[in-house]
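File shown: coords19.tsv. Contents: TSV, N, CA and C atoms.
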chain	number	residue	atom	x	y	z
A	236	MET	N	15.03	6.90	40.14
A	236	MET	CA	16.24	6.13	40.32
A	236	MET	C	17.38	6.62	39.43
A	237	PHE	N	17.03	6.99	38.20
A	237	PHE	CA	18.09	7.39	37.27
A	237	PHE	C	18.80	8.65	37.75
A	238	ARG	N	18.06	9.57	38.34
A	238	ARG	CA	18.69	10.80	38.85
A	238	ARG	C	19.56	10.51	40.06
A	239	THR	N	19.18	9.52	40.85
A	239	THR	CA	20.00	9.12	41.99
A	239	THR	C	21.29	8.49	41.49
A	240	TRP	N	21.18	7.64	40.47
A	240	TRP	CA	22.34	6.94	39.92
A	240	TRP	C	23.33	7.91	39.30
A	241	ASN	N	22.84	8.78	38.44
A	241	ASN	CA	23.71	9.72	37.72
A	241	ASN	C	22.95	11.04	37.61
A	242	PRO	N	23.12	11.92	38.61
A	242	PRO	CA	22.31	13.15	38.65
A	242	PRO	C	22.55	14.11	37.49
A	243	ASP	N	23.70	14.05	36.82
A	243	ASP	CA	23.97	14.93	35.70
A	243	ASP	C	24.72	14.16	34.61
A	244	PRO	N	24.00	13.30	33.87
A	244	PRO	CA	24.69	12.47	32.88
A	244	PRO	C	25.37	13.25	31.77
A	245	VAL	N	24.85	14.41	31.42
A	245	VAL	CA	25.49	15.21	30.37
A	245	VAL	C	26.84	15.71	30.86
A	246	GLN	N	26.89	16.23	32.07
A	246	GLN	CA	28.13	16.73	32.66
A	246	GLN	C	29.12	15.59	32.91
A	247	ASN	N	28.62	14.42	33.28
A	247	ASN	CA	29.48	13.29	33.64
A	247	ASN	C	29.91	12.45	32.43
A	248	HIS	N	29.41	12.75	31.24
A	248	HIS	CA	29.67	11.93	30.06
A	248	HIS	C	31.17	11.78	29.77
A	249	ALA	N	31.90	12.87	29.74
A	249	ALA	CA	33.31	12.80	29.37
A	249	ALA	C	34.11	11.93	30.35
A	250	ALA	N	33.86	12.09	31.64
A	250	ALA	CA	34.56	11.28	32.64
A	250	ALA	C	34.18	9.81	32.51
A	251	ASN	N	32.89	9.55	32.27
A	251	ASN	CA	32.44	8.17	32.10
A	251	ASN	C	33.05	7.55	30.84
A	252	LEU	N	33.17	8.32	29.78
A	252	LEU	CA	33.77	7.83	28.54
A	252	LEU	C	35.24	7.48	28.76
A	253	LYS	N	35.94	8.33	29.46
A	253	LYS	CA	37.36	8.12	29.72
A	253	LYS	C	37.62	6.85	30.55
A	254	ALA	N	36.65	6.47	31.39
A	254	ALA	CA	36.83	5.31	32.27
A	254	ALA	C	36.55	3.97	31.57
A	255	LEU	N	35.99	4.02	30.36
A	255	LEU	CA	35.67	2.79	29.64
A	255	LEU	C	36.92	2.12	29.07
A	256	ASP	N	36.80	0.85	28.76
A	256	ASP	CA	37.82	0.15	27.99
A	256	ASP	C	38.02	0.96	26.71
A	257	PRO	N	39.27	1.17	26.29
A	257	PRO	CA	39.52	2.01	25.11
A	257	PRO	C	38.78	1.57	23.85
A	258	ALA	N	38.62	0.27	23.63
A	258	ALA	CA	37.91	-0.20	22.42
A	258	ALA	C	36.44	0.20	22.47
A	259	LEU	N	35.82	0.08	23.62
A	259	LEU	CA	34.42	0.45	23.75
A	259	LEU	C	34.26	1.97	23.65
A	260	ALA	N	35.17	2.71	24.26
A	260	ALA	CA	35.13	4.17	24.17
A	260	ALA	C	35.25	4.62	22.71
A	261	LYS	N	36.08	3.94	21.94
A	261	LYS	CA	36.25	4.26	20.52
A	261	LYS	C	34.93	4.10	19.77
A	262	VAL	N	34.20	3.04	20.07
A	262	VAL	CA	32.92	2.79	19.40
A	262	VAL	C	31.91	3.87	19.78
A	263	VAL	N	31.84	4.22	21.05
A	263	VAL	CA	30.90	5.25	21.50
A	263	VAL	C	31.23	6.58	20.81
A	264	ARG	N	32.50	6.95	20.79
A	264	ARG	CA	32.91	8.21	20.14
A	264	ARG	C	32.54	8.21	18.65
A	265	LYS	N	32.78	7.10	17.98
A	265	LYS	CA	32.48	7.03	16.55
A	265	LYS	C	30.97	7.10	16.31
A	266	ALA	N	30.20	6.42	17.13
A	266	ALA	CA	28.74	6.46	16.97
A	266	ALA	C	28.24	7.89	17.14
A	267	GLN	N	28.80	8.62	18.09
A	267	GLN	CA	28.38	10.02	18.28
A	267	GLN	C	28.86	10.90	17.13
A	268	ALA	N	30.09	10.73	16.71
A	268	ALA	CA	30.63	11.57	15.63
A	268	ALA	C	29.90	11.34	14.31
A	269	ASP	N	29.54	10.09	14.04
A	269	ASP	CA	28.90	9.75	12.77
A	269	ASP	C	27.40	10.06	12.75
A	270	ASN	N	26.84	10.38	13.90
A	270	ASN	CA	25.39	10.61	14.03
A	270	ASN	C	25.12	11.85	14.86
A	271	PRO	N	25.50	13.03	14.38
A	271	PRO	CA	25.38	14.25	15.19
A	271	PRO	C	23.95	14.58	15.61
A	272	GLY	N	22.96	14.12	14.89
A	272	GLY	CA	21.57	14.40	15.26
A	272	GLY	C	21.03	13.43	16.30
A	273	LEU	N	21.79	12.41	16.63
A	273	LEU	CA	21.39	11.40	17.60
A	273	LEU	C	22.11	11.70	18.91
A	274	ARG	N	21.38	12.26	19.85
A	274	ARG	CA	22.01	12.71	21.09
A	274	ARG	C	21.85	11.66	22.18
A	275	PHE	N	22.98	11.26	22.77
A	275	PHE	CA	22.96	10.32	23.88
A	275	PHE	C	24.19	10.51	24.74
A	276	VAL	N	24.10	10.04	25.98
A	276	VAL	CA	25.19	10.14	26.93
A	276	VAL	C	25.35	8.79	27.64
A	277	ILE	N	26.47	8.67	28.32
A	277	ILE	CA	26.71	7.49	29.14
A	277	ILE	C	25.98	7.68	30.46
A	278	GLY	N	25.00	6.83	30.70
A	278	GLY	CA	24.30	6.87	31.98
A	278	GLY	C	25.03	6.07	33.03
A	279	SER	N	25.67	5.01	32.57
A	279	SER	CA	26.44	4.15	33.47
A	279	SER	C	27.54	3.48	32.67
A	280	GLY	N	28.75	3.59	33.15
A	280	GLY	CA	29.89	2.96	32.50
A	280	GLY	C	30.59	2.03	33.46
A	281	ARG	N	31.84	2.31	33.76
A	281	ARG	CA	32.60	1.48	34.71
A	281	ARG	C	31.98	1.65	36.09
A	282	ARG	N	31.80	0.53	36.77
A	282	ARG	CA	31.19	0.53	38.11
A	282	ARG	C	32.14	-0.10	39.12
A	283	ASP	N	32.26	0.55	40.27
A	283	ASP	CA	32.98	-0.09	41.36
A	283	ASP	C	32.04	-1.10	42.03
A	284	GLY	N	32.54	-1.81	43.03
A	284	GLY	CA	31.74	-2.84	43.68
A	284	GLY	C	30.46	-2.30	44.30
A	285	ARG	N	30.52	-1.12	44.91
A	285	ARG	CA	29.33	-0.53	45.53
A	285	ARG	C	28.25	-0.24	44.50
A	286	LEU	N	28.65	0.37	43.39
A	286	LEU	CA	27.67	0.68	42.34
A	286	LEU	C	27.09	-0.59	41.71
A	287	GLN	N	27.93	-1.61	41.54
A	287	GLN	CA	27.41	-2.84	40.95
A	287	GLN	C	26.42	-3.52	41.90
A	288	ARG	N	26.71	-3.51	43.19
A	288	ARG	CA	25.76	-4.07	44.16
A	288	ARG	C	24.44	-3.30	44.12
A	289	GLN	N	24.52	-1.98	43.96
A	289	GLN	CA	23.30	-1.17	43.85
A	289	GLN	C	22.53	-1.51	42.59
A	290	ALA	N	23.23	-1.70	41.48
A	290	ALA	CA	22.58	-2.07	40.23
A	290	ALA	C	21.84	-3.41	40.37
A	291	VAL	N	22.43	-4.35	41.06
A	291	VAL	CA	21.78	-5.65	41.29
A	291	VAL	C	20.57	-5.46	42.21
A	292	ALA	N	20.73	-4.68	43.26
A	292	ALA	CA	19.63	-4.45	44.21
A	292	ALA	C	18.43	-3.80	43.51
A	293	TRP	N	18.68	-2.91	42.58
A	293	TRP	CA	17.61	-2.22	41.85
A	293	TRP	C	17.05	-3.06	40.70
A	294	GLY	N	17.68	-4.19	40.42
A	294	GLY	CA	17.22	-5.03	39.31
A	294	GLY	C	17.76	-4.59	37.95
A	295	TRP	N	18.73	-3.71	37.95
A	295	TRP	CA	19.33	-3.24	36.70
A	295	TRP	C	20.34	-4.24	36.16
A	296	SER	N	20.84	-5.09	37.03
A	296	SER	CA	21.83	-6.09	36.65
A	296	SER	C	21.49	-7.36	37.40
A	297	LYS	N	21.92	-8.47	36.84
A	297	LYS	CA	21.69	-9.75	37.49
A	297	LYS	C	22.97	-10.34	38.06
A	298	ALA	N	24.11	-9.69	37.83
A	298	ALA	CA	25.39	-10.29	38.20
A	298	ALA	C	26.30	-9.28	38.90
A	299	LEU	N	26.95	-9.74	39.95
A	299	LEU	CA	27.92	-8.88	40.63
A	299	LEU	C	29.21	-8.77	39.83
A	300	ASP	N	29.45	-9.72	38.91
A	300	ASP	CA	30.67	-9.69	38.10
A	300	ASP	C	30.40	-9.16	36.69
A	301	SER	N	29.52	-8.19	36.58
A	301	SER	CA	29.14	-7.58	35.31
A	301	SER	C	30.36	-7.02	34.57
A	302	PRO	N	30.29	-6.99	33.24
A	302	PRO	CA	31.37	-6.35	32.48
A	302	PRO	C	31.48	-4.84	32.76
A	303	HIS	N	30.48	-4.27	33.41
A	303	HIS	CA	30.60	-2.87	33.85
A	303	HIS	C	31.76	-2.70	34.84
A	304	ARG	N	32.05	-3.75	35.60
A	304	ARG	CA	33.10	-3.67	36.62
A	304	ARG	C	34.46	-3.36	36.01
A	305	SER	N	34.70	-3.82	34.77
A	305	SER	CA	35.99	-3.61	34.12
A	305	SER	C	35.94	-2.52	33.05
A	306	GLY	N	34.78	-1.86	32.91
A	306	GLY	CA	34.66	-0.83	31.88
A	306	GLY	C	34.40	-1.41	30.50
A	307	ARG	N	34.03	-2.68	30.43
A	307	ARG	CA	33.76	-3.34	29.15
A	307	ARG	C	32.29	-3.30	28.79
A	308	ALA	N	31.50	-2.52	29.56
A	308	ALA	CA	30.07	-2.35	29.26
A	308	ALA	C	29.68	-0.91	29.55
A	309	VAL	N	28.64	-0.48	28.84
A	309	VAL	CA	28.17	0.89	28.98
A	309	VAL	C	26.66	0.91	28.78
A	310	ASP	N	25.99	1.79	29.51
A	310	ASP	CA	24.57	2.05	29.30
A	310	ASP	C	24.45	3.44	28.72
A	311	LEU	N	23.87	3.53	27.52
A	311	LEU	CA	23.73	4.80	26.82
A	311	LEU	C	22.29	5.29	26.94
A	312	TRP	N	22.14	6.52	27.40
A	312	TRP	CA	20.83	7.10	27.64
A	312	TRP	C	20.54	8.16	26.58
A	313	PRO	N	19.42	8.04	25.87
A	313	PRO	CA	19.06	9.03	24.85
A	313	PRO	C	18.69	10.37	25.48
A	314	LEU	N	18.95	11.42	24.74
A	314	LEU	CA	18.57	12.77	25.16
A	314	LEU	C	17.51	13.31	24.22
A	315	ASP	N	16.57	14.05	24.77
A	315	ASP	CA	15.57	14.70	23.91
A	315	ASP	C	16.16	16.00	23.37
A	316	HIS	N	15.38	16.76	22.62
A	316	HIS	CA	15.88	17.99	21.99
A	316	HIS	C	16.28	19.06	23.00
A	317	GLU	N	15.84	18.92	24.25
A	317	GLU	CA	16.22	19.87	25.30
A	317	GLU	C	17.39	19.38	26.14
A	318	GLY	N	17.92	18.22	25.81
A	318	GLY	CA	19.07	17.69	26.53
A	318	GLY	C	18.71	16.90	27.79
A	319	HIS	N	17.46	16.48	27.90
A	319	HIS	CA	17.03	15.68	29.05
A	319	HIS	C	16.97	14.20	28.66
A	320	VAL	N	17.33	13.34	29.60
A	320	VAL	CA	17.26	11.91	29.37
A	320	VAL	C	15.81	11.49	29.17
A	321	HIS	N	15.59	10.69	28.13
A	321	HIS	CA	14.27	10.10	27.91
A	321	HIS	C	14.48	8.72	27.31
A	322	PHE	N	13.79	7.74	27.84
A	322	PHE	CA	14.00	6.36	27.42
A	322	PHE	C	12.98	5.94	26.38
A	323	ASP	N	13.02	6.62	25.26
A	323	ASP	CA	12.15	6.32	24.13
A	323	ASP	C	12.71	5.10	23.39
A	324	PRO	N	11.92	4.04	23.25
A	324	PRO	CA	12.42	2.83	22.57
A	324	PRO	C	12.94	3.09	21.15
A	325	GLU	N	12.31	3.98	20.41
A	325	GLU	CA	12.79	4.28	19.05
A	325	GLU	C	14.17	4.93	19.09
A	326	ALA	N	14.37	5.86	20.01
A	326	ALA	CA	15.69	6.49	20.16
A	326	ALA	C	16.72	5.43	20.56
A	327	GLN	N	16.34	4.53	21.43
A	327	GLN	CA	17.26	3.48	21.85
A	327	GLN	C	17.59	2.55	20.68
A	328	ASN	N	16.63	2.28	19.82
A	328	ASN	CA	16.90	1.47	18.63
A	328	ASN	C	17.85	2.19	17.67
A	329	ARG	N	17.69	3.51	17.54
A	329	ARG	CA	18.60	4.28	16.67
A	329	ARG	C	20.02	4.28	17.25
A	330	ILE	N	20.13	4.39	18.57
A	330	ILE	CA	21.44	4.32	19.21
A	330	ILE	C	22.06	2.95	18.95
A	331	ALA	N	21.26	1.91	19.09
A	331	ALA	CA	21.77	0.55	18.85
A	331	ALA	C	22.29	0.41	17.42
A	332	ALA	N	21.55	0.90	16.46
A	332	ALA	CA	21.98	0.82	15.06
A	332	ALA	C	23.28	1.60	14.86
A	333	ALA	N	23.38	2.78	15.46
A	333	ALA	CA	24.60	3.60	15.33
A	333	ALA	C	25.79	2.89	15.98
A	334	MET	N	25.57	2.28	17.13
A	334	MET	CA	26.65	1.56	17.82
A	334	MET	C	27.09	0.34	17.00
A	335	LYS	N	26.15	-0.36	16.43
A	335	LYS	CA	26.50	-1.53	15.62
A	335	LYS	C	27.33	-1.12	14.40
A	336	ARG	N	26.92	-0.04	13.73
A	336	ARG	CA	27.69	0.45	12.57
A	336	ARG	C	29.08	0.90	12.99
A	337	ALA	N	29.17	1.63	14.10
A	337	ALA	CA	30.47	2.12	14.59
A	337	ALA	C	31.37	0.96	15.00
A	338	ALA	N	30.80	-0.04	15.63
A	338	ALA	CA	31.59	-1.21	16.04
A	338	ALA	C	32.13	-1.94	14.82
A	339	MET	N	31.27	-2.13	13.83
A	339	MET	CA	31.69	-2.83	12.62
A	339	MET	C	32.81	-2.05	11.92
A	340	ALA	N	32.64	-0.74	11.81
A	340	ALA	CA	33.65	0.09	11.14
A	340	ALA	C	34.96	0.11	11.93
A	341	SER	N	34.88	-0.10	13.22
A	341	SER	CA	36.07	-0.08	14.09
A	341	SER	C	36.64	-1.47	14.34
A	342	SER	N	36.03	-2.49	13.74
A	342	SER	CA	36.44	-3.88	13.95
A	342	SER	C	36.42	-4.27	15.43
A	343	VAL	N	35.37	-3.84	16.12
A	343	VAL	CA	35.19	-4.15	17.54
A	343	VAL	C	33.88	-4.92	17.67
A	344	ALA	N	33.93	-6.07	18.30
A	344	ALA	CA	32.72	-6.88	18.48
A	344	ALA	C	31.98	-6.44	19.75
A	345	ILE	N	30.70	-6.08	19.58
A	345	ILE	CA	29.87	-5.70	20.72
A	345	ILE	C	28.59	-6.53	20.73
A	346	ARG	N	27.96	-6.51	21.90
A	346	ARG	CA	26.66	-7.16	22.08
A	346	ARG	C	25.72	-6.11	22.65
A	347	TRP	N	24.49	-6.08	22.14
A	347	TRP	CA	23.48	-5.11	22.58
A	347	TRP	C	22.51	-5.79	23.54
A	348	GLY	N	22.22	-5.11	24.64
A	348	GLY	CA	21.29	-5.64	25.63
A	348	GLY	C	19.86	-5.74	25.14
A	349	GLY	N	19.52	-5.09	24.04
A	349	GLY	CA	18.19	-5.20	23.47
A	349	GLY	C	17.87	-6.60	22.99
A	350	HIS	N	18.91	-7.42	22.85
A	350	HIS	CA	18.72	-8.81	22.45
A	350	HIS	C	18.77	-9.75	23.65
A	351	PHE	N	19.00	-9.22	24.86
A	351	PHE	CA	19.06	-10.07	26.05
A	351	PHE	C	17.67	-10.59	26.37
A	352	HIS	N	17.60	-11.78	26.86
A	352	HIS	CA	16.34	-12.36	27.31
A	352	HIS	C	16.38	-12.44	28.83
A	353	GLY	N	15.24	-12.34	29.46
A	353	GLY	CA	15.17	-12.44	30.91
A	353	GLY	C	15.10	-11.11	31.62
A	354	PHE	N	15.27	-9.99	30.91
A	354	PHE	CA	15.10	-8.67	31.49
A	354	PHE	C	13.76	-8.12	31.03
A	355	LYS	N	13.04	-7.47	31.93
A	355	LYS	CA	11.79	-6.82	31.54
A	355	LYS	C	12.13	-5.79	30.46
A	356	ASN	N	11.45	-5.88	29.32
A	356	ASN	CA	11.67	-4.98	28.19
A	356	ASN	C	13.11	-5.03	27.66
A	357	ARG	N	13.83	-6.07	28.00
A	357	ARG	CA	15.23	-6.21	27.61
A	357	ARG	C	16.03	-5.02	28.11
A	358	ASP	N	17.28	-4.99	27.85
A	358	ASP	CA	18.16	-3.94	28.38
A	358	ASP	C	18.64	-3.08	27.21
A	359	ARG	N	17.75	-2.26	26.67
A	359	ARG	CA	18.01	-1.48	25.45
A	359	ARG	C	19.15	-0.47	25.56
A	360	SER	N	19.49	-0.05	26.76
A	360	SER	CA	20.55	0.96	26.90
A	360	SER	C	21.95	0.34	26.99
A	361	HIS	N	22.04	-0.97	27.13
A	361	HIS	CA	23.29	-1.66	27.43
A	361	HIS	C	24.03	-2.13	26.18
A	362	PHE	N	25.35	-1.90	26.19
A	362	PHE	CA	26.25	-2.39	25.15
A	362	PHE	C	27.50	-2.93	25.86
A	363	GLU	N	28.02	-4.04	25.38
A	363	GLU	CA	29.22	-4.58	25.99
A	363	GLU	C	30.13	-5.17	24.93
A	364	LEU	N	31.41	-5.19	25.25
A	364	LEU	CA	32.38	-5.82	24.37
A	364	LEU	C	32.20	-7.33	24.44
A	365	VAL	N	32.34	-7.99	23.31
A	365	VAL	CA	32.28	-9.44	23.27
A	365	VAL	C	33.66	-9.94	23.64
A	366	SER	N	33.72	-10.85	24.59
A	366	SER	CA	35.01	-11.41	25.02
A	366	SER	C	35.61	-12.23	23.91
A	367	PRO	N	36.92	-12.09	23.72
A	367	PRO	CA	37.60	-12.85	22.66
A	367	PRO	C	37.58	-14.34	22.92

Can the structure in the file be given as structure tokens, please?
Amino acid sequence: MFRTWNPDPVQNHAANLKALDPALAKVVRKAQADNPGLRFVIGSGRRDGRLQRQAVAWGWSKALDSPHRSGRAVDLWPLDHEGHVHFDPEAQNRIAAAMKRAAMASSVAIRWGGHFHGFKNRDRSHFELVSP
């Protein structure tokens, strides 16, 4: 499914980053800059209606009005040493810690999907801006 959703996440990262809400993009950039040994890409960022309906159909999302629709949410996918996506929980926890530090340093409030309840294994790749 992940290859169908985003067949080349490394190549698509810059375009996906540019489509995010500027505050969220700032946090992602800072997390990457401050943690050069922690490799990750945007697997899913801003979604149009078709993509959001697909995410719901696949069970990746529970809402058609997800913050992904406005670019206020992002799914970050860890990369292994060869540059391939791998969903290792430890890598996802390191990404979460890096995002939390970057958000705090940038004065941007975010919420991590790893704390969501009701999703199988929680949503460790998901980060979203907290609404004011």

Restricting the calculation to only C-alpha atoms, which member of A:Asp243, A:Asp310, A:Glu325, A:Asp300 is positioned closest to Glu363 in chain A? A:Asp310

Separation of atom N of Lys253 in chain A from CA of His361 in chain A, in Å and rounded to one decimal: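 Straight-line distance from atom N of Lys253 in chain A to CA of His361 in chain A works out to 16.2 Å.
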
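Atom C of Phe322 in chain A is found 24.8 Å from CA of Ala344 in chain A.
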
Ala331 in chain A proximity check over A:Trp347, A:Ala250, A:Asp269, A:His303, using only N, CA and C atoms: winner is A:Trp347

Separation of CA of Val365 in chain A from atom C of Ala266 in chain A in Å: 18.8 Å

Would you mind writing down, as a list in words, each residue of range 244-367 of chain A that DSSP on the backbone assigns to strand (DSSP E)? Phe275, Val276, Ile277, Gly278, Ser279, Ala308, Val309, Asp310, Leu311, Trp312, Pro313, Ile345, Arg346, Trp347, His361, Phe362, Glu363 and Leu364 of chain A

At a cut-off of 6 Å, using only N, CA and C atoms, what residues contact Gly278 in chain A? Leave out same-chain residues fewer than 5 positions from it and give the result as an NGL selection string. :A and (244 or 310-312)

Apply DSSP to the backbone of this structure and, from range 236-312 of chain A, keep only the residues in helix (DSSP H, G or I); write these as a PyMOL selection string. chain A and resi 237-240+244-254+257-269+284-292+302-305

Tell me which of A:Met339, A:Met334, A:Leu364, A:Val320 sits closest to Ala268 in chain A, counting only C-alpha atoms.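 Looking only at the distances to Ala268 in chain A, the closest residue turns out to be A:Met334.
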
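For the choices A:Ala249, A:Ser301, A:Glu317, A:Phe275, the atom-to-atom distance to Gln287 in chain A is smallest for A:Ser301 when using only N, CA and C atoms.
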
Which residue out of A:Gly349, A:Gly294, A:Gly280, A:Gly272 has the minimum interatomic distance to His316 in chain A when only C-alpha atoms are used?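 Closest residue, counting only C-alpha atoms: A:Gly272.
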
Write out as a PyMOL selection string each polymer residue whose atoms come within 10 Å of Leu299 in chain A, counting only C-alpha atoms; drop sequence neighbours fewer than 2 positions from it. chain A and resi 284-291+296-297+301-304

How about saving the chosen residues, N, CA and C atoms kept, as a tab-separated table (two decimals), in the frame of the given file?
chain	number	residue	atom	x	y	z
A	284	GLY	N	32.54	-1.81	43.03
A	284	GLY	CA	31.74	-2.84	43.68
A	284	GLY	C	30.46	-2.30	44.30
A	285	ARG	N	30.52	-1.12	44.91
A	285	ARG	CA	29.33	-0.53	45.53
A	285	ARG	C	28.25	-0.24	44.50
A	286	LEU	N	28.65	0.37	43.39
A	286	LEU	CA	27.67	0.68	42.34
A	286	LEU	C	27.09	-0.59	41.71
A	287	GLN	N	27.93	-1.61	41.54
A	287	GLN	CA	27.41	-2.84	40.95
A	287	GLN	C	26.42	-3.52	41.90
A	288	ARG	N	26.71	-3.51	43.19
A	288	ARG	CA	25.76	-4.07	44.16
A	288	ARG	C	24.44	-3.30	44.12
A	289	GLN	N	24.52	-1.98	43.96
A	289	GLN	CA	23.30	-1.17	43.85
A	289	GLN	C	22.53	-1.51	42.59
A	290	ALA	N	23.23	-1.70	41.48
A	290	ALA	CA	22.58	-2.07	40.23
A	290	ALA	C	21.84	-3.41	40.37
A	291	VAL	N	22.43	-4.35	41.06
A	291	VAL	CA	21.78	-5.65	41.29
A	291	VAL	C	20.57	-5.46	42.21
A	296	SER	N	20.84	-5.09	37.03
A	296	SER	CA	21.83	-6.09	36.65
A	296	SER	C	21.49	-7.36	37.40
A	297	LYS	N	21.92	-8.47	36.84
A	297	LYS	CA	21.69	-9.75	37.49
A	297	LYS	C	22.97	-10.34	38.06
A	301	SER	N	29.52	-8.19	36.58
A	301	SER	CA	29.14	-7.58	35.31
A	301	SER	C	30.36	-7.02	34.57
A	302	PRO	N	30.29	-6.99	33.24
A	302	PRO	CA	31.37	-6.35	32.48
A	302	PRO	C	31.48	-4.84	32.76
A	303	HIS	N	30.48	-4.27	33.41
A	303	HIS	CA	30.60	-2.87	33.85
A	303	HIS	C	31.76	-2.70	34.84
A	304	ARG	N	32.05	-3.75	35.60
A	304	ARG	CA	33.10	-3.67	36.62
A	304	ARG	C	34.46	-3.36	36.01

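Residue nearest Asp323 in chain A within the list A:Ser360, A:Ala338, A:Val276, A:Trp240: A:Ser360 [criterion: smallest interatomic distance, only C-alpha atoms].
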
To box range 314-323 of chain A, take all atoms listed in the file, fit an axis-aligned box, add 8 Å on each side, and give centre and edge lengths in Å to one decimal, as lines of an AutoDock Vina configuration file.
center_x = 15.6
center_y = 12.5
center_z = 25.8
size_x = 22.9
size_y = 30.8
size_z = 23.6
